[in-house]
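Enquirer: One file is attached below, entry_10.txt, containing compact mmCIF, C-alpha atoms (C1' of nucleotides).
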```txt
# COMPACT_ATOMS: atom_id res chain seq x y z
CA MET A 911 2.03 -58.48 31.99
CA LEU A 912 4.65 -56.95 29.72
CA ARG A 913 2.37 -54.00 29.20
CA ILE A 914 1.84 -53.23 32.86
CA LEU A 915 5.50 -53.71 33.78
CA THR A 916 6.52 -51.42 30.96
CA TYR A 917 3.86 -48.90 31.89
CA ILE A 918 4.96 -48.79 35.53
CA TYR A 919 8.56 -48.33 34.45
CA GLU A 920 7.73 -45.46 32.16
CA ARG A 921 5.61 -43.68 34.78
CA LEU A 922 8.31 -44.09 37.40
CA PHE A 923 10.96 -42.83 35.01
CA GLU A 924 8.83 -39.79 34.21
CA ALA A 925 8.26 -39.11 37.89
CA PHE A 926 11.82 -39.56 39.13
CA GLY A 927 14.13 -39.51 36.13
CA PRO A 928 17.32 -41.58 35.86
CA ARG A 929 18.62 -42.64 39.27
CA HIS A 930 22.26 -43.27 38.32
CA TRP A 931 22.64 -46.27 40.61
CA TRP A 932 24.40 -47.78 42.54
CA PRO A 933 25.73 -45.06 44.90
CA GLY A 934 29.33 -46.33 44.98
CA GLU A 935 32.51 -45.46 43.14
CA THR A 936 33.95 -48.92 42.57
CA PRO A 937 32.59 -52.46 42.24
CA PHE A 938 34.20 -53.32 45.56
CA GLU A 939 32.47 -50.41 47.29
CA VAL A 940 29.17 -51.51 45.77
CA ILE A 941 29.61 -55.01 47.20
CA ILE A 942 30.43 -53.69 50.66
CA GLY A 943 27.40 -51.41 50.49
CA ALA A 944 25.15 -54.28 49.38
CA ILE A 945 26.04 -56.25 52.49
CA LEU A 946 25.89 -53.27 54.84
CA THR A 947 22.48 -52.11 53.64
CA GLN A 948 20.72 -55.35 54.57
CA ASN A 949 17.58 -54.27 56.43
CA THR A 950 19.20 -50.91 57.09
CA ALA A 951 18.62 -47.33 55.99
CA TRP A 952 21.17 -46.17 53.42
CA THR A 953 21.96 -43.02 55.42
CA ASN A 954 23.43 -45.28 58.11
CA VAL A 955 25.39 -47.27 55.56
CA GLU A 956 26.90 -44.06 54.20
CA LYS A 957 28.48 -43.31 57.55
CA ALA A 958 30.03 -46.77 57.69
CA ILE A 959 31.32 -46.53 54.12
CA LYS A 960 32.78 -43.13 54.90
CA ASN A 961 34.69 -44.59 57.84
CA LEU A 962 36.10 -47.34 55.67
CA LYS A 963 36.97 -44.96 52.88
CA SER A 964 38.75 -42.47 55.14
CA ASN A 965 40.92 -45.34 56.36
CA ASN A 966 41.63 -46.38 52.79
CA LEU A 967 40.04 -49.76 53.41
CA LEU A 968 37.84 -50.05 50.34
CA ILE A 969 40.50 -52.17 48.70
CA PRO A 970 40.23 -55.98 48.85
CA GLU A 971 43.82 -56.54 49.96
CA ARG A 972 43.54 -53.95 52.74
CA LEU A 973 40.17 -55.07 54.06
CA LYS A 974 41.29 -58.67 54.06
CA HIS A 975 44.00 -57.90 56.62
CA LEU A 976 41.83 -55.78 58.91
CA PRO A 977 40.91 -57.58 62.16
CA GLU A 978 37.22 -58.34 62.44
CA ASP A 979 36.72 -56.44 65.70
CA GLU A 980 38.29 -53.30 64.24
CA LEU A 981 36.10 -53.65 61.17
CA ALA A 982 33.06 -53.96 63.41
CA GLU A 983 33.80 -50.67 65.14
CA LEU A 984 34.24 -48.86 61.83
CA ILE A 985 30.92 -50.07 60.43
CA ARG A 986 29.04 -49.57 63.69
CA PRO A 987 26.73 -46.83 62.32
CA ALA A 988 25.30 -49.33 59.82
CA GLY A 989 23.75 -51.44 62.57
CA TYR A 990 24.09 -55.21 63.18
CA TYR A 991 27.75 -54.28 63.16
CA ARG A 992 29.22 -57.47 64.65
CA LEU A 993 27.09 -59.60 62.37
CA LYS A 994 27.98 -57.57 59.30
CA ALA A 995 31.69 -57.48 60.11
CA ASN A 996 31.55 -61.25 60.07
CA ARG A 997 29.62 -61.29 56.81
CA LEU A 998 32.12 -58.98 55.15
CA LYS A 999 34.92 -61.25 56.33
CA GLU A 1000 33.07 -64.27 54.97
CA PHE A 1001 32.90 -62.60 51.57
CA MET A 1002 36.57 -61.66 51.68
CA GLU A 1003 37.45 -65.23 52.48
CA PHE A 1004 35.44 -66.37 49.47
CA LEU A 1005 36.92 -63.73 47.17
CA PHE A 1006 40.50 -64.61 48.01
CA SER A 1007 40.18 -68.36 48.22
CA ARG A 1008 38.12 -68.69 45.05
CA TYR A 1009 39.32 -65.78 42.89
CA ASP A 1010 42.60 -64.74 44.47
CA GLY A 1011 41.04 -61.43 45.54
CA ASP A 1012 40.42 -60.41 41.93
CA LEU A 1013 36.95 -59.01 41.25
CA ASN A 1014 37.53 -58.99 37.50
CA ARG A 1015 38.17 -62.69 37.59
CA MET A 1016 35.11 -63.20 39.76
CA PHE A 1017 32.80 -61.32 37.43
CA ASN A 1018 34.28 -63.07 34.44
CA GLN A 1019 32.52 -66.16 35.75
CA ASP A 1020 29.19 -67.19 34.23
CA MET A 1021 26.39 -65.20 35.88
CA TRP A 1022 24.34 -68.12 37.20
CA GLU A 1023 27.41 -70.02 38.30
CA LEU A 1024 28.64 -67.00 40.22
CA ARG A 1025 25.20 -66.44 41.69
CA ALA A 1026 25.20 -69.97 43.08
CA GLU A 1027 28.67 -69.42 44.53
CA LEU A 1028 27.66 -66.12 46.16
CA LEU A 1029 24.58 -67.74 47.69
CA GLY A 1030 26.93 -70.24 49.27
CA VAL A 1031 28.66 -67.46 51.23
CA LYS A 1032 27.19 -67.05 54.71
CA GLY A 1033 25.50 -63.67 54.89
CA ILE A 1034 24.75 -63.34 51.19
CA GLY A 1035 21.15 -64.12 50.34
CA LEU A 1036 19.11 -63.70 47.18
CA GLU A 1037 18.80 -59.92 47.13
CA THR A 1038 22.40 -59.28 48.13
CA ALA A 1039 23.71 -61.73 45.53
CA ASP A 1040 21.61 -60.18 42.79
CA SER A 1041 22.57 -56.65 43.81
CA ILE A 1042 26.22 -57.61 43.58
CA LEU A 1043 25.72 -59.20 40.16
CA LEU A 1044 23.72 -56.31 38.71
CA TYR A 1045 25.29 -53.26 40.28
CA ALA A 1046 28.88 -54.34 40.81
CA GLY A 1047 29.18 -56.85 37.98
CA GLN A 1048 26.90 -55.33 35.34
CA LYS A 1049 25.11 -58.65 34.89
CA PRO A 1050 21.52 -58.68 33.54
CA ILE A 1051 19.69 -59.94 36.61
CA PHE A 1052 16.65 -58.36 38.25
CA VAL A 1053 16.89 -57.41 41.93
CA VAL A 1054 13.78 -57.97 44.03
CA ASP A 1055 13.47 -56.24 47.39
CA ALA A 1056 10.89 -55.46 50.06
CA TYR A 1057 9.66 -52.43 48.11
CA THR A 1058 9.16 -54.45 44.96
CA ARG A 1059 7.02 -56.99 46.77
CA ARG A 1060 5.11 -54.33 48.71
CA ILE A 1061 4.29 -52.24 45.69
CA LEU A 1062 3.29 -55.16 43.48
CA THR A 1063 1.11 -56.79 46.13
CA ARG A 1064 -0.58 -53.56 47.17
CA HIS A 1065 -1.56 -52.95 43.60
CA ASN A 1066 -2.74 -56.51 43.15
CA ILE A 1067 -0.21 -57.36 40.49
CA ILE A 1068 1.18 -60.36 42.37
CA ASP A 1069 -0.02 -62.65 45.12
CA GLU A 1070 0.99 -61.92 48.72
CA LYS A 1071 2.87 -65.17 49.02
CA ALA A 1072 4.80 -64.97 45.77
CA SER A 1073 8.40 -66.08 46.28
CA TYR A 1074 11.49 -64.04 45.49
CA THR A 1075 12.15 -66.25 42.51
CA GLN A 1076 8.62 -65.93 41.19
CA ILE A 1077 8.77 -62.14 41.35
CA GLN A 1078 12.19 -62.06 39.73
CA ASP A 1079 11.00 -64.36 36.99
CA LEU A 1080 8.00 -62.14 36.39
CA PHE A 1081 10.30 -59.29 35.43
CA MET A 1082 12.97 -61.30 33.66
CA SER A 1083 10.64 -63.34 31.47
CA ASN A 1084 8.57 -60.32 30.48
CA LEU A 1085 11.26 -57.72 29.95
CA PRO A 1086 14.39 -57.75 27.79
CA GLN A 1087 17.48 -59.03 29.62
CA ASP A 1088 19.09 -55.63 29.79
CA VAL A 1089 21.52 -54.40 32.44
CA GLN A 1090 20.59 -50.75 32.15
CA LEU A 1091 16.87 -51.47 32.26
CA TYR A 1092 17.14 -53.70 35.34
CA ASN A 1093 19.46 -51.22 37.00
CA GLU A 1094 17.08 -48.34 36.48
CA TYR A 1095 13.90 -50.24 37.24
CA HIS A 1096 15.02 -51.47 40.64
CA ALA A 1097 16.43 -48.06 41.53
CA LEU A 1098 13.14 -46.40 40.59
CA ILE A 1099 11.16 -48.84 42.72
CA VAL A 1100 13.36 -48.08 45.71
CA GLN A 1101 12.90 -44.36 45.11
CA LEU A 1102 9.14 -44.80 45.05
CA GLY A 1103 9.27 -46.87 48.21
CA LYS A 1104 11.41 -44.36 50.05
CA GLU A 1105 9.39 -41.34 49.12
CA ILE A 1106 5.85 -42.57 49.15
CA CYS A 1107 5.22 -46.08 50.38
CA ARG A 1108 6.45 -45.75 53.95
CA SER A 1109 3.09 -46.52 55.47
CA LYS A 1110 0.28 -48.73 54.28
CA SER A 1111 -2.30 -46.02 54.59
CA LYS A 1112 -0.28 -43.59 52.52
CA CYS A 1113 0.48 -46.18 49.90
CA GLU A 1114 -3.18 -46.72 49.15
CA ILE A 1115 -3.27 -43.26 47.68
CA CYS A 1116 0.32 -43.16 46.57
CA THR A 1117 1.55 -41.75 43.33
CA LEU A 1118 2.04 -45.09 41.63
CA LYS A 1119 -1.53 -46.08 42.26
CA ARG A 1120 -2.78 -42.80 40.84
CA LEU A 1121 -0.51 -43.29 37.88
CA ILE A 1122 -1.54 -46.82 37.01
CA THR A 1123 -5.25 -46.66 37.68
C1' DG B 388 9.38 -43.78 72.88
C1' DA B 389 7.57 -46.58 69.21
C1' DC B 390 8.40 -47.70 64.60
C1' DC B 391 11.01 -48.41 60.54
C1' DA B 392 14.99 -49.33 57.26
C1' DG B 393 17.21 -51.59 49.88
C1' DG B 394 18.02 -59.15 54.78
C1' DC B 395 19.81 -63.25 56.39
C1' DA B 396 20.64 -67.51 59.09
C1' DC B 397 18.94 -70.59 62.09
C1' DA B 398 15.48 -73.08 65.07
C1' DT B 399 11.21 -75.19 65.31
C1' DC B 400 6.94 -77.19 63.92
C1' DG C 547 7.65 -75.24 53.27
C1' DA C 548 5.84 -71.85 56.54
C1' DT C 549 6.63 -69.16 60.60
C1' DG C 550 9.33 -66.91 64.46
C1' DT C 551 13.53 -64.75 66.32
C1' DG C 552 18.08 -62.36 66.90
C1' DC C 553 20.89 -59.02 65.00
C1' DA C 554 21.60 -52.77 66.20
C1' DT C 555 22.09 -48.12 64.63
C1' DG C 556 20.04 -43.59 63.48
C1' DG C 557 16.06 -40.92 61.54
C1' DT C 558 10.97 -39.66 61.88
```
As C-alpha cells - that is how I would like this structure written.
Expert:
Amino acid sequence: MLRILTYIYERLFEAFGPRHWWPGETPFEVIIGAILTQNTAWTNVEKAIKNLKSNNLLIPERLKHLPEDELAELIRPAGYYRLKANRLKEFMEFLFSRYDGDLNRMFNQDMWELRAELLGVKGIGLETADSILLYAGQKPIFVVDAYTRRILTRHNIIDEKASYTQIQDLFMSNLPQDVQLYNEYHALIVQLGKEICRSKSKCEICTLKRLIT
DNA sequence: GACCAGGCACATC
DNA sequence: GATGTGCATGGT
C-alpha cells in the first residue's frame, strides 16, 4: 500500500507540481474558507472571502462583533449563506470562550485533543476539522474529501463503503506523519478531481488511471 | 434548465 | 449503523 500511495503522489506531483496550499493569507482566513467551502465551489467562496476582507472582517475580534444577519449577506455568494453564517458564529463562540479568541493558543493544544474539540462545534465535521488542523494549524493530519474517496474507489484501491476514518488511516499509517507531505497530497488530489474527475465516464479514462496502470 | 461543487446536522428506520 | 433530506449560490 505504501508503494501505490507513494507512486500516486509522485505522478500527481509530476503532473501538477507544487500546489502551494491553502489559498489564504492567514490561519484565520484559512479557517473561514474551510467552513465556507463545504460542498461549495471555491470560486464562490472567493467572492465571500473578498467581501469579508474588503470590510476588514478577517480578524477574530472584528468578526465576533458582526451581527449574524449582516455576516450572512456578506457571505451570500458562497451558498447556504444563513447556515454558514451560523456555523461561523458557532466557531467564533468556541474560539473566544475556549481560547479567548487566540488562534495561537488554540493551535498550541494537542492535535487530537483540539480535533475532538473542533468536532464538538456545530458545523465542523471531520473534513473541516482536519482542514483547519492541517492548513491553518500546520498539524500532521491527512484530510480526506469527496475527491479522495472517488479517486480511490474508482481505481479499486479502497472499498466503496470505506469510512472517512478508514481512508484517513490508510494514508497516515502508510506514509510519514509529515505536514508538508499531507498538505501537498491532499491539494494534488483536489487538483486532479477538479480538472479531470468531474464525470464518471471521463474518470474511467482519466490521467491518474493512465498513470497508475 | 439540469447538474455539480474541497459537507454537515438531523430525522428516521 | 445505514440512508434520506435541507441548506443556496454561481459556473458549465
Enquirer: Which centre and which edge lengths, in Å to one decimal, describe the axis-aligned box that holds all listed atoms of stretch 1087-1103 of chain A after 4 Å is added on each side, as AutoDock Vina command-line options?
Expert:
```
--center_x 15.3 --center_y -51.7 --center_z 38.9 --size_x 20.4 --size_y 22.7 --size_z 26.6
```
Enquirer: Quick one: which residues from chain A are at most 8 Å off chain C, using only C-alpha atoms (C1' of nucleotides), as an NGL selection string?
Expert: :A and (954 or 986-991 or 993)
Enquirer: Report, in Å with one decimal, the straight-line distance from atom CA of A:Leu946 to atom CA of A:Ile918.
Expert: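 Between atom CA of A:Leu946 and atom CA of A:Ile918 the gap works out to 28.8 Å.
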Enquirer: Residues of chain A within 6 Å of chain B, counting all atoms listed in the file - could you list those as an NGL selection string?
Expert: :A and (948-951 or 1033)
Enquirer: Which residues come within 12 Å of stretch 912-914 of chain A, counting all atoms listed in the file, excluding same-chain residues fewer than 4 positions away, as a list in words?
Expert: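 Contacts, in chain order: Ile918, Tyr919, Glu920, Arg921, Leu1062, His1065, Asn1066, Ile1067, Ile1068, Leu1080, Phe1081, Met1082, Ser1083, Asn1084, Leu1085, Pro1086, Leu1118, Leu1121, Ile1122 and Thr1123 of chain A.
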Enquirer: Can I get the selection written as a short mmCIF file (atom, residue, chain, number, x, y, z; two decimals), in the frame of the given file, with C-alpha atoms?
Expert:
```cif
data_model
loop_
_atom_site.label_atom_id
_atom_site.label_comp_id
_atom_site.auth_asym_id
_atom_site.auth_seq_id
_atom_site.Cartn_x
_atom_site.Cartn_y
_atom_site.Cartn_z
CA ILE A 918 4.96 -48.79 35.53
CA TYR A 919 8.56 -48.33 34.45
CA GLU A 920 7.73 -45.46 32.16
CA ARG A 921 5.61 -43.68 34.78
CA LEU A 1062 3.29 -55.16 43.48
CA HIS A 1065 -1.56 -52.95 43.60
CA ASN A 1066 -2.74 -56.51 43.15
CA ILE A 1067 -0.21 -57.36 40.49
CA ILE A 1068 1.18 -60.36 42.37
CA LEU A 1080 8.00 -62.14 36.39
CA PHE A 1081 10.30 -59.29 35.43
CA MET A 1082 12.97 -61.30 33.66
CA SER A 1083 10.64 -63.34 31.47
CA ASN A 1084 8.57 -60.32 30.48
CA LEU A 1085 11.26 -57.72 29.95
CA PRO A 1086 14.39 -57.75 27.79
CA LEU A 1118 2.04 -45.09 41.63
CA LEU A 1121 -0.51 -43.29 37.88
CA ILE A 1122 -1.54 -46.82 37.01
CA THR A 1123 -5.25 -46.66 37.68
#
```
Enquirer: In Å to one decimal, how far is atom CA of A:Leu1102 from atom CA of A:Phe926?
Expert: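 If I compute the distance from atom CA of A:Phe926 to atom CA of A:Leu1102, I get 8.3 Å.
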Enquirer: Work out how far atom CA of A:Val1053 is from atom CA of A:Asn966, in Å to one decimal.
Expert: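 One can read the atom CA of A:Asn966 to atom CA of A:Val1053 distance as 29.2 Å.
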Enquirer: Could you tell me which of A:Ala1072, A:Ala1056, A:Leu1024, A:Leu1043 comes closest to A:Asn1093 if we count only C-alpha atoms?
Expert: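 Of all the options, A:Leu1043 lies closest to A:Asn1093.
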Enquirer: For A:Gln1078, find every residue with an atom within 10 Å (counting only C-alpha atoms (C1' of nucleotides)), except residues of its own chain fewer than 6 positions away, and show them as an MDAnalysis selection string.
Expert: chainID A and resid 1051:1055 1058 1072
Enquirer: Compare A:Arg1008, A:Arg1015, A:Lys957, A:Arg972 by their minimum atom-to-atom distance to A:Leu984, counting only C-alpha atoms, and give me the closest one.
Expert: A:Lys957
